[in-house]
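Here's the structure, in structure tokens; my notes come after.
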Amino acid sequence: PRSARWEDYVEALQRFVAREGHPDVPADHVEGVLALGSWLNSQRRRALHGGLLPKQKQQLLRMGVEMEEEEANWRCHFRALRRFKELEGHVEVSTTFQGSQQISGHLPSLGRWLYSQQLKARKGTLPSQRKRKLLELE
């Protein structure tokens, strides 16, 4: 809602972290009536361009929020892939996999994401730490 304040979103983020055990909010996640994922990405962009107050940035960092949007997105997908493996026993996610709340929450693109990571690995453009994390799941 337009009238929501910073504190409302921070409280929603705290509830998310308490429930999920991490601050990696999917971009399209709504917490109650607050578009929490969208708000968090906006805060990352504000921080990037100097529009976030230092105390606000510190508040997010203390909750474990990754301030780099691309890294946060990667972490969300990797967490979903790890959950997929826990439930399915493998990491062979079809590119047509539509996800489920139990596995990927708001990440219906898990199969496409994994395929793009595999392409990057073949091309040598996937950072080594990410490649290592993916290989550890196999």
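Chain labels A, B, ... are given in the sequence in which chains occur in the structure tokens; within each chain residues are numbered consecutively from 1, and ligands are likewise numbered from 1 in the order shown.
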I'd like the neighbourhood of segment 38-45 of chain A as an mmCIF file with N, CA and C atoms, in the first residue's frame, where a residue qualifies if any of its atoms comes within 7 Å (using only C-alpha atoms), though same-chain residues fewer than 3 positions away should be ignored.
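This is the output file around22.cif:
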```
data_model
loop_
_atom_site.group_PDB
_atom_site.id
_atom_site.type_symbol
_atom_site.label_atom_id
_atom_site.label_comp_id
_atom_site.auth_asym_id
_atom_site.auth_seq_id
_atom_site.Cartn_x
_atom_site.Cartn_y
_atom_site.Cartn_z
ATOM 1 N N ALA A 27 11.524 -11.833 -5.712
ATOM 2 C CA ALA A 27 11.124 -10.511 -6.199
ATOM 3 C C ALA A 27 9.619 -10.295 -6.214
ATOM 4 N N ASP A 28 8.842 -11.348 -6.445
ATOM 5 C CA ASP A 28 7.389 -11.161 -6.530
ATOM 6 C C ASP A 28 6.661 -11.560 -5.250
ATOM 7 N N ALA A 35 4.083 -5.721 -0.892
ATOM 8 C CA ALA A 35 4.893 -6.309 -1.963
ATOM 9 C C ALA A 35 6.353 -6.290 -1.496
ATOM 10 N N LEU A 48 22.349 1.356 -4.193
ATOM 11 C CA LEU A 48 23.305 1.431 -5.292
ATOM 12 C C LEU A 48 23.517 2.868 -5.756
ATOM 13 N N HIS A 49 22.446 3.651 -5.745
ATOM 14 C CA HIS A 49 22.510 5.029 -6.243
ATOM 15 C C HIS A 49 22.615 6.061 -5.122
ATOM 16 N N LEU A 52 19.665 5.461 -0.191
ATOM 17 C CA LEU A 52 19.259 4.778 1.033
ATOM 18 C C LEU A 52 20.084 5.339 2.187
ATOM 19 N N MET A 67 22.746 -7.014 -0.578
ATOM 20 C CA MET A 67 22.398 -5.736 -1.211
ATOM 21 C C MET A 67 22.561 -5.759 -2.728
ATOM 22 N N GLU A 68 23.245 -6.745 -3.280
ATOM 23 C CA GLU A 68 23.404 -6.849 -4.726
ATOM 24 C C GLU A 68 22.236 -7.672 -5.266
ATOM 25 N N GLU A 69 21.419 -7.066 -6.093
ATOM 26 C CA GLU A 69 20.184 -7.702 -6.571
ATOM 27 C C GLU A 69 20.443 -9.005 -7.327
#
```
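Residues surrounding segment 81-96 of chain A within 7 Å are His77, Ile103, Gly111, Arg112, Tyr115 and Glu138 of chain A [only C-alpha atoms; sequence separation below 4 positions excluded].
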Preceding selection exported with all heavy atoms as a CSV table (one decimal), in the first residue's frame:
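The resulting again_13.csv:
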```
chain,number,residue,atom,x,y,z
A,77,HIS,N,17.3,-18.7,-6.1
A,77,HIS,CA,17.2,-19.9,-7.0
A,77,HIS,C,18.0,-21.1,-6.5
A,77,HIS,O,17.6,-22.2,-6.6
A,77,HIS,CB,17.7,-19.5,-8.4
A,77,HIS,CG,16.6,-18.8,-9.2
A,77,HIS,ND1,16.5,-17.4,-9.1
A,77,HIS,CD2,15.6,-19.2,-10.0
A,77,HIS,CE1,15.5,-17.0,-9.9
A,77,HIS,NE2,14.9,-18.1,-10.4
A,103,ILE,N,8.6,-26.4,-3.1
A,103,ILE,CA,10.0,-26.4,-3.6
A,103,ILE,C,10.5,-25.0,-3.9
A,103,ILE,O,11.6,-24.6,-3.4
A,103,ILE,CB,10.1,-27.2,-4.9
A,103,ILE,CG1,9.9,-28.7,-4.6
A,103,ILE,CG2,11.5,-27.0,-5.6
A,103,ILE,CD1,9.8,-29.6,-5.8
A,111,GLY,N,13.8,-24.3,-13.5
A,111,GLY,CA,14.4,-25.1,-14.5
A,111,GLY,C,15.2,-24.3,-15.6
A,111,GLY,O,16.3,-24.6,-16.0
A,112,ARG,N,14.6,-23.2,-15.9
A,112,ARG,CA,15.2,-22.3,-16.9
A,112,ARG,C,16.5,-21.6,-16.3
A,112,ARG,O,17.5,-21.5,-16.9
A,112,ARG,CB,14.3,-21.2,-17.4
A,112,ARG,CG,13.2,-21.8,-18.3
A,112,ARG,CD,12.4,-20.7,-19.0
A,112,ARG,NE,11.8,-19.7,-18.0
A,112,ARG,CZ,10.6,-19.8,-17.4
A,112,ARG,NH1,9.9,-20.9,-17.6
A,112,ARG,NH2,10.2,-18.9,-16.6
A,115,TYR,N,19.3,-24.2,-16.3
A,115,TYR,CA,19.8,-24.4,-17.6
A,115,TYR,C,20.7,-23.2,-18.0
A,115,TYR,O,21.8,-23.5,-18.5
A,115,TYR,CB,18.6,-24.5,-18.6
A,115,TYR,CG,19.1,-24.6,-20.1
A,115,TYR,CD1,19.6,-25.8,-20.5
A,115,TYR,CD2,19.0,-23.5,-20.9
A,115,TYR,CE1,20.1,-25.9,-21.8
A,115,TYR,CE2,19.4,-23.6,-22.2
A,115,TYR,CZ,19.9,-24.8,-22.7
A,115,TYR,OH,20.4,-24.9,-24.0
A,138,GLU,N,25.2,-32.0,-7.0
A,138,GLU,CA,25.0,-33.2,-7.9
A,138,GLU,C,25.2,-34.5,-7.2
A,138,GLU,O,25.8,-34.6,-6.2
A,138,GLU,CB,25.9,-33.1,-9.1
A,138,GLU,CG,25.5,-31.9,-10.0
A,138,GLU,CD,26.3,-31.8,-11.2
A,138,GLU,OE1,27.3,-32.6,-11.4
A,138,GLU,OE2,26.0,-31.0,-12.1
```
Exercise for the section: Would you please extract all helix (DSSP H, G or I) residues from chain A, as assigned by DSSP on the backbone, and give them as a ChimeraX atom specification? Expected result: /A:6-20,36-48,54-62,69-88,110-123,128-137
Expressed in Å, the length from atom CA of Gly64 of chain A to atom CA of Ala80 of chain A is 18.0 Å
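Between Leu13 of chain A and the residues A:Gln118, A:Arg46, A:Leu60, A:Lys55, the shortest atom-to-atom distance, using only C-alpha atoms, involves A:Leu60.
Proximity of A:Leu114, A:Ala121, A:Cys76, A:Met63 to Ala18 of chain A, computed with only C-alpha atoms, is greatest for A:Met63.
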Q | For atom CA of Glu11 of chain A and atom CA of Glu31 of chain A, the interatomic separation in Å (one decimal) | A |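 Atom-to-atom, atom CA of Glu11 of chain A and atom CA of Glu31 of chain A are spaced 10.1 Å apart.
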Open item on the list: Quick check, in Å to one decimal: how far apart do atom CA of Val65 of chain A and atom CA of Val17 of chain A lie?
Closed with: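 It comes out at 9.8 Å.
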Show which residues sit within 9 Å of Gln117 of chain A, as a list of chain:residue names. Count only C-alpha atoms, and ignore same-chain residues fewer than 3 positions away.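 Near Gln117 of chain A, the qualifying residues are A:Arg112, A:Trp113, A:Leu114, A:Lys120, A:Ala121, A:Arg122, A:Leu126, A:Arg130, A:Lys131, A:Leu134.
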